[in-house]
$ cat query.cif   # mmCIF, C-alpha atoms and all ligand atoms
data_model
loop_
_atom_site.label_atom_id
_atom_site.label_comp_id
_atom_site.auth_asym_id
_atom_site.auth_seq_id
_atom_site.Cartn_x
_atom_site.Cartn_y
_atom_site.Cartn_z
CA MET Z 176 -34.90 -17.05 -7.09
CA ASN Z 177 -33.72 -14.37 -4.65
CA GLN Z 178 -31.68 -15.65 -1.76
CA GLU Z 179 -33.03 -14.95 1.72
CA THR Z 180 -31.02 -12.28 3.53
CA VAL Z 181 -30.45 -11.20 7.09
CA SER Z 182 -29.28 -7.89 8.58
CA VAL Z 183 -26.20 -8.05 10.75
CA GLU Z 184 -25.05 -5.23 13.03
CA PHE Z 185 -21.46 -4.91 14.16
CA THR Z 186 -19.06 -2.45 15.73
CA VAL Z 187 -15.30 -2.20 15.34
CA GLY Z 188 -13.18 0.00 17.59
CA ILE Z 189 -11.21 2.75 15.85
CA GLY Z 190 -8.85 4.39 18.31
CA ASP Z 191 -11.08 6.35 20.66
CA GLY Z 192 -14.06 5.96 18.34
CA LYS Z 193 -15.82 3.15 16.58
CA PHE Z 194 -17.19 2.09 13.23
CA SER Z 195 -20.73 0.74 13.47
CA ALA Z 196 -22.56 -0.66 10.47
CA VAL Z 197 -25.45 -2.82 9.39
CA ALA Z 198 -24.73 -5.32 6.61
CA VAL Z 199 -27.27 -7.36 4.69
CA VAL Z 200 -25.86 -10.82 3.99
CA PRO Z 201 -27.29 -14.09 2.68
CA ALA Z 202 -28.99 -16.02 5.47
CA GLY Z 203 -27.83 -19.32 4.01
CA GLN Z 204 -24.58 -20.76 2.72
CA THR Z 205 -22.17 -18.32 1.09
CA ASN Z 206 -18.45 -17.57 1.07
CA LEU Z 207 -16.04 -14.66 1.32
CA THR Z 208 -15.89 -14.08 -2.43
CA GLN Z 209 -19.67 -14.06 -2.73
CA ILE Z 210 -20.12 -11.45 0.01
CA LEU Z 211 -17.64 -9.03 -1.58
CA PRO Z 212 -20.50 -6.67 -2.56
CA VAL Z 213 -21.28 -6.37 1.15
CA LEU Z 214 -17.65 -5.49 1.91
CA GLN Z 215 -17.61 -2.98 -0.95
CA ALA Z 216 -20.70 -1.28 0.51
CA LEU Z 217 -19.09 -1.21 3.97
CA ASP Z 218 -15.92 0.31 2.54
CA ASP Z 219 -17.97 2.94 0.70
CA SER Z 220 -19.83 3.75 3.91
CA LEU Z 221 -16.59 4.07 5.89
CA ILE Z 222 -15.09 6.30 3.19
CA ALA Z 223 -18.22 8.48 3.06
CA GLY Z 224 -17.89 9.04 6.80
CA VAL Z 225 -14.24 10.04 6.43
CA ALA Z 226 -15.10 12.35 3.50
CA SER Z 227 -17.72 14.02 5.65
CA GLN Z 228 -15.22 14.56 8.49
CA LEU Z 229 -12.70 15.98 6.03
CA SER Z 230 -15.20 18.45 4.64
CA GLU Z 231 -15.72 19.79 8.15
CA VAL Z 232 -12.07 20.84 8.20
CA GLY Z 233 -12.15 22.23 4.66
CA ARG Z 234 -10.58 19.27 2.83
CA THR Z 235 -12.25 17.70 -0.22
CA ILE Z 236 -11.41 14.36 -1.78
CA SER Z 237 -10.26 15.21 -5.30
CA CYS Z 238 -10.61 11.70 -6.82
CA ARG Z 239 -13.32 11.59 -9.48
CA ALA Z 240 -14.34 10.09 -12.84
CA GLY Z 241 -11.98 11.20 -15.58
CA CYS Z 242 -8.95 11.22 -13.32
CA GLY Z 243 -7.02 7.98 -13.73
CA ALA Z 244 -3.74 9.36 -12.42
CA CYS Z 245 -3.48 6.65 -9.77
CA CYS Z 246 -4.52 3.85 -12.14
CA ARG Z 247 -0.94 3.35 -13.29
CA GLN Z 248 0.19 2.13 -9.91
CA MET Z 249 0.73 -1.51 -9.02
CA VAL Z 250 -2.58 -2.75 -7.64
CA PRO Z 251 -2.35 -5.62 -5.13
CA LEU Z 252 -5.58 -7.48 -5.91
CA SER Z 253 -6.81 -9.88 -3.22
CA ILE Z 254 -7.31 -13.43 -4.45
CA PHE Z 255 -10.99 -13.22 -3.45
CA GLU Z 256 -11.45 -10.18 -5.68
CA ALA Z 257 -9.48 -11.97 -8.41
CA GLU Z 258 -11.98 -14.81 -8.13
CA ALA Z 259 -14.96 -12.44 -8.29
CA LEU Z 260 -13.53 -10.54 -11.27
CA THR Z 261 -12.84 -13.85 -13.00
CA ALA Z 262 -16.48 -14.86 -12.61
CA TRP Z 263 -17.61 -11.45 -13.83
CA ILE Z 264 -15.31 -11.47 -16.87
CA ARG Z 265 -16.70 -14.86 -17.86
CA THR Z 266 -20.18 -13.36 -18.05
CA LEU Z 267 -19.04 -10.81 -20.66
CA PRO Z 268 -19.57 -11.27 -24.40
CA GLU Z 269 -16.70 -13.17 -26.01
CA SER Z 270 -15.56 -10.09 -27.96
CA ARG Z 271 -15.27 -8.03 -24.77
CA GLN Z 272 -13.38 -10.82 -23.02
CA GLN Z 273 -10.94 -10.93 -25.91
CA GLU Z 274 -10.53 -7.17 -25.84
CA LEU Z 275 -9.69 -7.27 -22.14
CA ALA Z 276 -7.38 -10.25 -22.60
CA GLN Z 277 -5.50 -8.30 -25.25
CA ARG Z 278 -5.15 -5.27 -22.97
CA PHE Z 279 -3.81 -7.39 -20.12
CA HIS Z 280 -1.40 -9.06 -22.54
CA GLU Z 281 -0.10 -5.70 -23.80
CA ALA Z 282 0.27 -4.42 -20.25
CA LEU Z 283 2.27 -7.50 -19.27
CA LEU Z 284 4.52 -7.04 -22.31
CA LYS Z 285 5.27 -3.48 -21.18
CA LEU Z 286 5.89 -4.67 -17.65
CA SER Z 287 8.20 -7.40 -18.91
CA ALA Z 288 10.13 -4.86 -20.99
CA SER Z 289 10.55 -2.70 -17.89
CA GLY Z 290 12.60 -5.41 -16.20
CA LEU Z 291 10.61 -4.99 -12.98
CA ILE Z 292 8.81 -8.34 -12.87
CA ASP Z 293 11.43 -10.24 -10.83
CA ARG Z 294 11.63 -7.48 -8.24
CA MET Z 295 7.83 -7.27 -8.16
CA VAL Z 296 7.52 -10.94 -7.40
CA ASN Z 297 10.12 -10.81 -4.61
CA GLU Z 298 9.17 -7.49 -3.03
CA ASP Z 299 6.88 -7.31 -0.01
CA TRP Z 300 4.78 -4.47 -1.43
CA LEU Z 301 2.65 -4.00 1.61
CA ALA Z 302 5.56 -3.76 4.07
CA GLU Z 303 5.96 0.00 3.52
CA THR Z 304 9.75 -0.35 3.40
CA ASP Z 305 12.01 2.06 1.50
CA SER Z 306 12.64 -0.59 -1.18
CA ALA Z 307 8.89 -1.23 -1.61
CA ARG Z 308 8.29 2.52 -1.94
CA GLN Z 309 11.12 2.82 -4.47
CA LEU Z 310 9.77 -0.07 -6.53
CA ALA Z 311 6.27 1.41 -6.42
CA LEU Z 312 7.64 4.65 -7.84
CA GLU Z 313 9.59 2.86 -10.58
CA TYR Z 314 6.46 0.92 -11.47
CA LEU Z 315 4.36 4.10 -11.63
CA TYR Z 316 6.84 5.79 -13.93
CA GLN Z 317 6.49 2.93 -16.43
CA ARG Z 318 3.04 4.51 -17.04
CA ILE Z 319 1.32 1.18 -17.66
CA PRO Z 320 -2.41 1.91 -17.44
CA CYS Z 321 -4.65 -0.57 -15.65
CA PRO Z 322 -6.37 -2.59 -18.39
CA PHE Z 323 -9.73 -1.63 -16.86
CA LEU Z 324 -9.00 2.09 -17.36
CA GLU Z 325 -11.03 3.63 -20.22
CA ASP Z 326 -11.08 7.36 -21.01
CA GLU Z 327 -9.21 7.88 -17.73
CA SER Z 328 -12.16 6.37 -15.81
CA CYS Z 329 -12.54 2.99 -14.18
CA SER Z 330 -14.67 0.78 -16.45
CA ILE Z 331 -15.45 -1.53 -13.52
CA HIS Z 332 -16.17 1.26 -11.04
CA PRO Z 333 -19.08 -0.43 -9.16
CA ILE Z 334 -17.04 -3.60 -8.63
CA ARG Z 335 -13.54 -2.11 -8.47
CA PRO Z 336 -11.17 -3.57 -5.87
CA LEU Z 337 -11.28 -2.36 -2.29
CA ILE Z 338 -7.74 -1.05 -2.53
CA CYS Z 339 -8.80 1.22 -5.42
CA ARG Z 340 -11.68 2.56 -3.33
CA GLU Z 341 -9.29 3.21 -0.44
CA TYR Z 342 -6.69 5.15 -2.43
CA LEU Z 343 -7.91 8.72 -1.96
CA VAL Z 344 -6.23 12.10 -1.98
CA THR Z 345 -7.15 15.71 -1.42
CA SER Z 346 -4.43 17.02 -3.74
CA PRO Z 347 -4.64 17.81 -7.49
CA PRO Z 348 -4.25 14.91 -10.00
CA GLN Z 349 -0.77 16.01 -11.06
CA HIS Z 350 0.48 15.19 -7.57
CA CYS Z 351 -0.50 11.54 -8.05
CA PHE Z 352 0.93 11.52 -11.55
CA ASP Z 353 4.34 12.83 -10.51
CA PRO Z 354 4.76 12.13 -6.79
CA THR Z 355 8.56 12.55 -6.74
CA THR Z 356 8.30 16.26 -7.50
CA LEU Z 357 4.83 16.98 -6.14
CA GLN Z 358 3.70 15.55 -2.84
CA ALA Z 359 0.20 14.02 -2.89
CA ALA Z 360 -2.02 14.50 0.15
CA PRO Z 361 -3.37 11.01 0.89
CA VAL Z 362 -6.47 10.42 2.97
CA HIS Z 363 -5.85 8.28 6.01
CA LEU Z 364 -8.56 5.70 6.59
CA PRO Z 365 -8.96 4.35 10.11
CA LEU Z 366 -9.64 0.86 8.74
CA ASN Z 367 -8.31 -0.78 5.58
CA LEU Z 368 -10.66 -3.52 4.47
CA SER Z 369 -8.42 -4.35 1.50
CA ARG Z 370 -5.54 -5.28 3.80
CA VAL Z 371 -7.77 -7.59 5.79
CA LEU Z 372 -8.80 -9.42 2.62
CA ASN Z 373 -5.14 -9.79 1.67
CA ARG Z 374 -4.28 -11.08 5.13
CA ILE Z 375 -7.04 -13.68 5.09
CA GLY Z 376 -5.90 -14.80 1.65
CA ALA Z 377 -2.29 -15.10 2.82
CA GLU Z 378 -3.38 -17.46 5.57
CA LEU Z 379 -5.10 -19.76 3.09
CA GLU Z 380 -2.19 -20.49 0.80
CA ASN Z 381 1.33 -21.07 2.05
CA ASP Z 382 2.90 -19.92 -1.19
CA SER Z 383 0.70 -16.87 -1.63
CA ARG Z 384 0.60 -13.39 -0.19
CA GLY Z 385 -3.14 -13.41 -0.47
CA TRP Z 386 -3.02 -11.10 -3.46
CA ILE Z 387 -1.73 -10.89 -6.99
CA PRO Z 388 -0.66 -7.88 -9.06
CA LEU Z 389 -3.84 -6.90 -10.90
CA LEU Z 390 -1.98 -7.16 -14.20
CA PHE Z 391 -1.59 -10.91 -13.55
CA LEU Z 392 -5.37 -11.43 -13.43
CA PHE Z 393 -5.80 -13.18 -16.78
CA ALA Z 394 -2.90 -15.53 -16.04
CA TRP Z 395 -4.37 -16.24 -12.58
CA MET Z 396 -7.78 -16.98 -14.12
CA LYS Z 397 -6.38 -19.98 -15.95
CA ALA Z 398 -5.73 -21.85 -12.68
CA GLY Z 399 -9.48 -21.89 -11.92
CA ALA Z 400 -8.90 -21.26 -8.20
CA HIS Z 401 -11.80 -20.73 -5.79
CA PRO Z 402 -10.22 -19.28 -2.63
CA GLY Z 403 -13.57 -18.02 -1.34
CA ASP Z 404 -14.65 -21.58 -0.59
CA ALA Z 405 -12.06 -21.70 2.20
CA VAL Z 406 -14.07 -19.11 4.17
CA ALA Z 407 -17.58 -20.46 3.80
CA GLY Z 408 -20.66 -20.77 5.96
CA ALA Z 409 -23.89 -18.94 6.63
CA GLY Z 410 -23.72 -15.24 5.70
CA PRO Z 411 -23.46 -13.92 9.28
CA GLU Z 412 -20.65 -16.40 10.04
CA VAL Z 413 -18.61 -15.39 7.01
CA LEU Z 414 -19.10 -11.71 7.78
CA TYR Z 415 -18.07 -12.26 11.39
CA GLU Z 416 -14.84 -13.93 10.26
CA PHE Z 417 -14.06 -10.80 8.28
CA VAL Z 418 -15.11 -8.35 11.00
CA LYS Z 419 -13.07 -10.24 13.59
CA ARG Z 420 -9.94 -9.90 11.40
CA LEU Z 421 -10.77 -6.27 10.76
CA SER Z 422 -10.81 -5.61 14.46
CA GLU Z 423 -7.62 -7.58 15.09
CA ALA Z 424 -5.88 -5.70 12.29
CA ARG Z 425 -6.74 -2.41 13.93
CA ALA Z 426 -5.83 -3.14 17.54
CA PRO Z 427 -3.92 -5.88 19.38
CA SER Z 428 -6.97 -6.61 21.50
CA PRO Z 429 -10.02 -7.51 19.40
CA THR Z 430 -12.81 -5.04 19.95
CA ALA Z 431 -15.32 -6.48 17.51
CA GLU Z 432 -18.65 -7.16 19.05
CA PRO Z 433 -20.25 -10.37 17.80
CA PRO Z 434 -22.82 -9.64 15.10
CA ALA Z 435 -26.38 -9.27 16.25
CA GLU Z 436 -29.00 -10.52 13.84
CA ASP Z 437 -32.46 -9.04 13.42
S1 LIG N 1 -9.51 -1.30 -11.25
FE1 LIG N 1 -10.32 0.69 -11.83
S2 LIG N 1 -9.79 2.07 -10.11
FE2 LIG N 1 -8.52 0.21 -9.93
S3 LIG N 1 -6.61 0.72 -10.99
FE3 LIG N 1 -7.95 -0.29 -12.50
S4 LIG N 1 -9.04 1.39 -13.54
FE4 LIG N 1 -8.13 2.23 -11.66
#

$ encode --input "query.cif" --output "structure tokens" --more "lines below"
Ligand code: SF4
Amino acid sequence: MNQETVSVEFTVGIGDGKFSAVAVVPAGQTNLTQILPVLQALDDSLIAGVASQLSEVGRTISCRAGCGACCRQMVPLSIFEAEALTAWIRTLPESRQQELAQRFHEALLKLSASGLIDRMVNEDWLAETDSARQLALEYLYQRIPCPFLEDESCSIHPIRPLICREYLVTSPPQHCFDPTTLQAAPVHLPLNLSRVLNRIGAELENDSRGWIPLLFLFAWMKAGAHPGDAVAGAGPEVLYEFVKRLSEARAPSPTAEPPAED
């Protein structure tokens, strides 16, 4: 039976401008993990707007299927997306689950051999410090492909993490592959939905950063955690919790307007 939905309008201030959107969310009980498809659609909409603005000044986003140059970076996966991917993986045929489990295992073996795991666990990756940048480079040069990468394309493209959607460049692939000698031209997004998810997750668990390295996904699955339940309620309420954090993350003074329902 299809769940009843409701349209929710909201606006978030972005510097001198604003990001306005309409999201369709479940009218009844849901949680943050379950509304991830809504957040993915919002991220895609935001990115499409930025791509359009870039094209007006002659810049084109170069990321496309067949280019997996960035898919050898460390991916901080929010625990809500880890939960959603866990549920999705469990719907796959047993043989496919085993294939993925084997790929994650092999990737972790390579990571272990690199000697980077201890530093990875202790580093604040999102702090944008020199040491975090250095570790990110060392990780990249291990050339450990994301286990979801197939034929240099993302095999989970429609449900890929927000942070993967938000990593965009206007430079050639080689610049992402070898950033110490070639400078990539990243696209600045006025809002980072992935960071907001991580921040909400970090508030839920004292011993967590709100995210895990994507390569740890199969190990994380075994705990059977359901972090999304901690942010639950009717669809508009759950969305508002997210939009409120999104606005707070952007500016010290919240500028989110409460959602208006049709
Ligand atoms: S999830 Fe997809 S887009 Fe993200 S790193 Fe893996 S293959 Fe690349």

$ residues_around --input "query.cif" --residues "segment 256-271 of chain Z" --least-positions-apart "6" --cutoff "10 Å" --atoms "all atoms listed in the file" --output "PDB file with C-alpha atoms, in the frame of the given file"
ATOM      1  CA  LEU Z 207     -16.040 -14.660   1.320  1.00  0.00           C
ATOM      2  CA  THR Z 208     -15.890 -14.080  -2.430  1.00  0.00           C
ATOM      3  CA  GLN Z 209     -19.670 -14.060  -2.730  1.00  0.00           C
ATOM      4  CA  ILE Z 210     -20.120 -11.450   0.010  1.00  0.00           C
ATOM      5  CA  LEU Z 211     -17.640  -9.030  -1.580  1.00  0.00           C
ATOM      6  CA  PRO Z 212     -20.500  -6.670  -2.560  1.00  0.00           C
ATOM      7  CA  GLN Z 277      -5.500  -8.300 -25.250  1.00  0.00           C
ATOM      8  CA  ILE Z 331     -15.450  -1.530 -13.520  1.00  0.00           C
ATOM      9  CA  ILE Z 334     -17.040  -3.600  -8.630  1.00  0.00           C
ATOM     10  CA  ARG Z 335     -13.540  -2.110  -8.470  1.00  0.00           C
ATOM     11  CA  PRO Z 336     -11.170  -3.570  -5.870  1.00  0.00           C
ATOM     12  CA  LEU Z 337     -11.280  -2.360  -2.290  1.00  0.00           C
ATOM     13  CA  SER Z 369      -8.420  -4.350   1.500  1.00  0.00           C
ATOM     14  CA  LEU Z 372      -8.800  -9.420   2.620  1.00  0.00           C
ATOM     15  CA  ASN Z 373      -5.140  -9.790   1.670  1.00  0.00           C
ATOM     16  CA  TRP Z 386      -3.020 -11.100  -3.460  1.00  0.00           C
ATOM     17  CA  ILE Z 387      -1.730 -10.890  -6.990  1.00  0.00           C
ATOM     18  CA  PRO Z 388      -0.660  -7.880  -9.060  1.00  0.00           C
ATOM     19  CA  LEU Z 389      -3.840  -6.900 -10.900  1.00  0.00           C
ATOM     20  CA  PHE Z 391      -1.590 -10.910 -13.550  1.00  0.00           C
ATOM     21  CA  LEU Z 392      -5.370 -11.430 -13.430  1.00  0.00           C
ATOM     22  CA  PHE Z 393      -5.800 -13.180 -16.780  1.00  0.00           C
ATOM     23  CA  TRP Z 395      -4.370 -16.240 -12.580  1.00  0.00           C
ATOM     24  CA  MET Z 396      -7.780 -16.980 -14.120  1.00  0.00           C
ATOM     25  CA  LYS Z 397      -6.380 -19.980 -15.950  1.00  0.00           C
ATOM     26  CA  GLY Z 399      -9.480 -21.890 -11.920  1.00  0.00           C
ATOM     27  CA  ALA Z 400      -8.900 -21.260  -8.200  1.00  0.00           C
ATOM     28  CA  HIS Z 401     -11.800 -20.730  -5.790  1.00  0.00           C
ATOM     29  CA  PRO Z 402     -10.220 -19.280  -2.630  1.00  0.00           C
ATOM     30  CA  GLY Z 403     -13.570 -18.020  -1.340  1.00  0.00           C
TER      31      GLY Z 403
END

$ residues_around --input "query.cif" --residues "Ile338 of chain Z" --least-positions-apart "3" --cutoff "12 Å" --atoms "all atoms listed in the file" --output "VMD selection string"
chain Z and resid 214 to 215 218 to 219 222 245 to 246 248 to 253 256 301 334 to 335 341 to 343 364 366 to 373 386 388 to 389

$ closest_residue --input "query.cif" --among "Z:Phe352, Z:Val187, Z:Gln228, Z:Glu179" --to "Lys419 of chain Z" --atoms "only C-alpha atoms"
Z:Val187

$ axis_aligned_box --input "query.cif" --around "ligand LIG 1 (chain N)" --padding-each-side "3 Å" --output "AutoDock Vina command-line options"
--center_x -8.5 --center_y 0.5 --center_z -11.7 --size_x 9.7 --size_y 9.5 --size_z 9.6

$ atom_distance --input "query.cif" --atom1 "atom CA of Gly241 of chain Z" --atom2 "atom CA of Tyr314 of chain Z"
21.5 Å

$ residues_around --input "query.cif" --residues "Glu327 of chain Z" --least-positions-apart "3" --cutoff "6 Å" --atoms "all atoms listed in the file" --output "list in words"
Gly241, Cys242, Gly243 and Leu324 of chain Z

$ atom_distance --input "query.cif" --atom1 "atom CA of Ala398 of chain Z" --atom2 "atom CA of Val296 of chain Z"
18.0 Å

$ atom_distance --input "query.cif" --atom1 "atom CA of Cys321 of chain Z" --atom2 "atom CA of Leu229 of chain Z"
28.4 Å

$ residues_around --input "query.cif" --residues "Pro201 of chain Z" --least-positions-apart "6" --cutoff "8 Å" --atoms "all atoms listed in the file" --output "count of residues only"
7

$ residues_around --input "query.cif" --residues "Pro322 of chain Z" --least-positions-apart "6" --cutoff "10 Å" --atoms "only C-alpha atoms" --output "VMD selection string"
chain Z and resid 246 to 247 274 to 283 329 to 330 389 to 390

$ closest_residue --input "query.cif" --among "Z:Leu310, Z:Cys339, Z:Val197, Z:Ala226" --to "ligand LIG 1 (chain N)" --atoms "only C-alpha atoms and all ligand atoms"
Z:Cys339

$ closest_residue --input "query.cif" --among "Z:Val362, Z:Cys238, Z:Ile375, Z:Ala405" --to "ligand LIG 1 (chain N)" --atoms "all atoms listed in the file"
Z:Cys238

$ closest_residue --input "query.cif" --among "Z:Thr205, Z:Ser195, Z:Ser182, Z:Ser328" --to "Val406 of chain Z" --atoms "only C-alpha atoms"
Z:Thr205

$ closest_residue --input "query.cif" --among "Z:Ala394, Z:Ala240, Z:Leu357, Z:Ala302" --to "ligand LIG 1 (chain N)" --atoms "all atoms listed in the file"
Z:Ala240

$ closest_residue --input "query.cif" --among "Z:Pro333, Z:Gly188, Z:Gly224, Z:Gly376" --to "ligand LIG 1 (chain N)" --atoms "all atoms listed in the file"
Z:Pro333

$ decode --input "query.cif" --residues "segment 354-364 of chain Z" --atoms "all heavy atoms" --output "PDB file, in the first residue's frame"
ATOM      1  N   PRO Z 354      46.161  14.693  -7.555  1.00  0.00           N
ATOM      2  CA  PRO Z 354      45.983  16.087  -7.140  1.00  0.00           C
ATOM      3  C   PRO Z 354      47.244  16.757  -6.607  1.00  0.00           C
ATOM      4  O   PRO Z 354      47.254  17.991  -6.469  1.00  0.00           O
ATOM      5  CB  PRO Z 354      44.916  15.998  -6.042  1.00  0.00           C
ATOM      6  CG  PRO Z 354      45.005  14.608  -5.530  1.00  0.00           C
ATOM      7  CD  PRO Z 354      45.450  13.758  -6.681  1.00  0.00           C
ATOM      8  N   THR Z 355      48.314  16.001  -6.313  1.00  0.00           N
ATOM      9  CA  THR Z 355      49.523  16.675  -5.828  1.00  0.00           C
ATOM     10  C   THR Z 355      50.286  17.361  -6.964  1.00  0.00           C
ATOM     11  O   THR Z 355      51.000  18.326  -6.746  1.00  0.00           O
ATOM     12  CB  THR Z 355      50.483  15.698  -5.107  1.00  0.00           C
ATOM     13  OG1 THR Z 355      50.690  14.575  -5.928  1.00  0.00           O
ATOM     14  CG2 THR Z 355      49.946  15.284  -3.768  1.00  0.00           C
ATOM     15  N   THR Z 356      50.122  16.837  -8.188  1.00  0.00           N
ATOM     16  CA  THR Z 356      50.828  17.477  -9.299  1.00  0.00           C
ATOM     17  C   THR Z 356      49.887  18.291 -10.189  1.00  0.00           C
ATOM     18  O   THR Z 356      50.322  19.184 -10.901  1.00  0.00           O
ATOM     19  CB  THR Z 356      51.544  16.425 -10.169  1.00  0.00           C
ATOM     20  OG1 THR Z 356      50.632  15.390 -10.498  1.00  0.00           O
ATOM     21  CG2 THR Z 356      52.712  15.833  -9.432  1.00  0.00           C
ATOM     22  N   LEU Z 357      48.595  17.942 -10.141  1.00  0.00           N
ATOM     23  CA  LEU Z 357      47.626  18.672 -10.957  1.00  0.00           C
ATOM     24  C   LEU Z 357      46.508  19.159 -10.037  1.00  0.00           C
ATOM     25  O   LEU Z 357      45.910  18.370  -9.330  1.00  0.00           O
ATOM     26  CB  LEU Z 357      47.025  17.752 -12.030  1.00  0.00           C
ATOM     27  CG  LEU Z 357      48.003  17.159 -13.040  1.00  0.00           C
ATOM     28  CD1 LEU Z 357      47.357  15.975 -13.743  1.00  0.00           C
ATOM     29  CD2 LEU Z 357      48.406  18.220 -14.037  1.00  0.00           C
ATOM     30  N   GLN Z 358      46.254  20.430 -10.068  1.00  0.00           N
ATOM     31  CA  GLN Z 358      45.243  20.972  -9.152  1.00  0.00           C
ATOM     32  C   GLN Z 358      43.844  20.788  -9.731  1.00  0.00           C
ATOM     33  O   GLN Z 358      43.554  21.256 -10.835  1.00  0.00           O
ATOM     34  CB  GLN Z 358      45.498  22.458  -8.931  1.00  0.00           C
ATOM     35  CG  GLN Z 358      44.612  23.047  -7.873  1.00  0.00           C
ATOM     36  CD  GLN Z 358      45.418  23.738  -6.791  1.00  0.00           C
ATOM     37  OE1 GLN Z 358      46.521  24.207  -7.043  1.00  0.00           O
ATOM     38  NE2 GLN Z 358      44.883  23.792  -5.594  1.00  0.00           N
ATOM     39  N   ALA Z 359      42.964  20.103  -8.970  1.00  0.00           N
ATOM     40  CA  ALA Z 359      41.573  19.956  -9.409  1.00  0.00           C
ATOM     41  C   ALA Z 359      40.837  21.263  -9.166  1.00  0.00           C
ATOM     42  O   ALA Z 359      41.239  22.074  -8.332  1.00  0.00           O
ATOM     43  CB  ALA Z 359      40.910  18.824  -8.647  1.00  0.00           C
ATOM     44  N   ALA Z 360      39.785  21.487  -9.926  1.00  0.00           N
ATOM     45  CA  ALA Z 360      38.966  22.695  -9.757  1.00  0.00           C
ATOM     46  C   ALA Z 360      37.624  22.288  -9.156  1.00  0.00           C
ATOM     47  O   ALA Z 360      36.684  21.942  -9.874  1.00  0.00           O
ATOM     48  CB  ALA Z 360      38.763  23.378 -11.115  1.00  0.00           C
ATOM     49  N   PRO Z 361      37.550  22.264  -7.818  1.00  0.00           N
ATOM     50  CA  PRO Z 361      36.309  21.798  -7.178  1.00  0.00           C
ATOM     51  C   PRO Z 361      35.177  22.813  -7.339  1.00  0.00           C
ATOM     52  O   PRO Z 361      35.414  24.005  -7.510  1.00  0.00           O
ATOM     53  CB  PRO Z 361      36.707  21.654  -5.710  1.00  0.00           C
ATOM     54  CG  PRO Z 361      37.856  22.588  -5.529  1.00  0.00           C
ATOM     55  CD  PRO Z 361      38.561  22.680  -6.847  1.00  0.00           C
ATOM     56  N   VAL Z 362      33.966  22.288  -7.285  1.00  0.00           N
ATOM     57  CA  VAL Z 362      32.774  23.145  -7.347  1.00  0.00           C
ATOM     58  C   VAL Z 362      32.341  23.422  -5.914  1.00  0.00           C
ATOM     59  O   VAL Z 362      32.143  22.496  -5.128  1.00  0.00           O
ATOM     60  CB  VAL Z 362      31.644  22.436  -8.124  1.00  0.00           C
ATOM     61  CG1 VAL Z 362      30.351  23.235  -8.029  1.00  0.00           C
ATOM     62  CG2 VAL Z 362      32.054  22.230  -9.573  1.00  0.00           C
ATOM     63  N   HIS Z 363      32.220  24.709  -5.606  1.00  0.00           N
ATOM     64  CA  HIS Z 363      31.770  25.085  -4.267  1.00  0.00           C
ATOM     65  C   HIS Z 363      30.247  25.062  -4.220  1.00  0.00           C
ATOM     66  O   HIS Z 363      29.587  25.706  -5.037  1.00  0.00           O
ATOM     67  CB  HIS Z 363      32.283  26.483  -3.913  1.00  0.00           C
ATOM     68  CG  HIS Z 363      31.721  26.991  -2.628  1.00  0.00           C
ATOM     69  ND1 HIS Z 363      32.126  26.523  -1.395  1.00  0.00           N
ATOM     70  CD2 HIS Z 363      30.741  27.899  -2.375  1.00  0.00           C
ATOM     71  CE1 HIS Z 363      31.435  27.126  -0.457  1.00  0.00           C
ATOM     72  NE2 HIS Z 363      30.591  27.966  -1.022  1.00  0.00           N
ATOM     73  N   LEU Z 364      29.717  24.309  -3.273  1.00  0.00           N
ATOM     74  CA  LEU Z 364      28.261  24.291  -3.093  1.00  0.00           C
ATOM     75  C   LEU Z 364      27.905  25.198  -1.921  1.00  0.00           C
ATOM     76  O   LEU Z 364      28.580  25.165  -0.886  1.00  0.00           O
ATOM     77  CB  LEU Z 364      27.773  22.867  -2.812  1.00  0.00           C
ATOM     78  CG  LEU Z 364      27.978  21.853  -3.938  1.00  0.00           C
ATOM     79  CD1 LEU Z 364      27.503  20.471  -3.496  1.00  0.00           C
ATOM     80  CD2 LEU Z 364      27.224  22.281  -5.197  1.00  0.00           C
TER      81      LEU Z 364
END
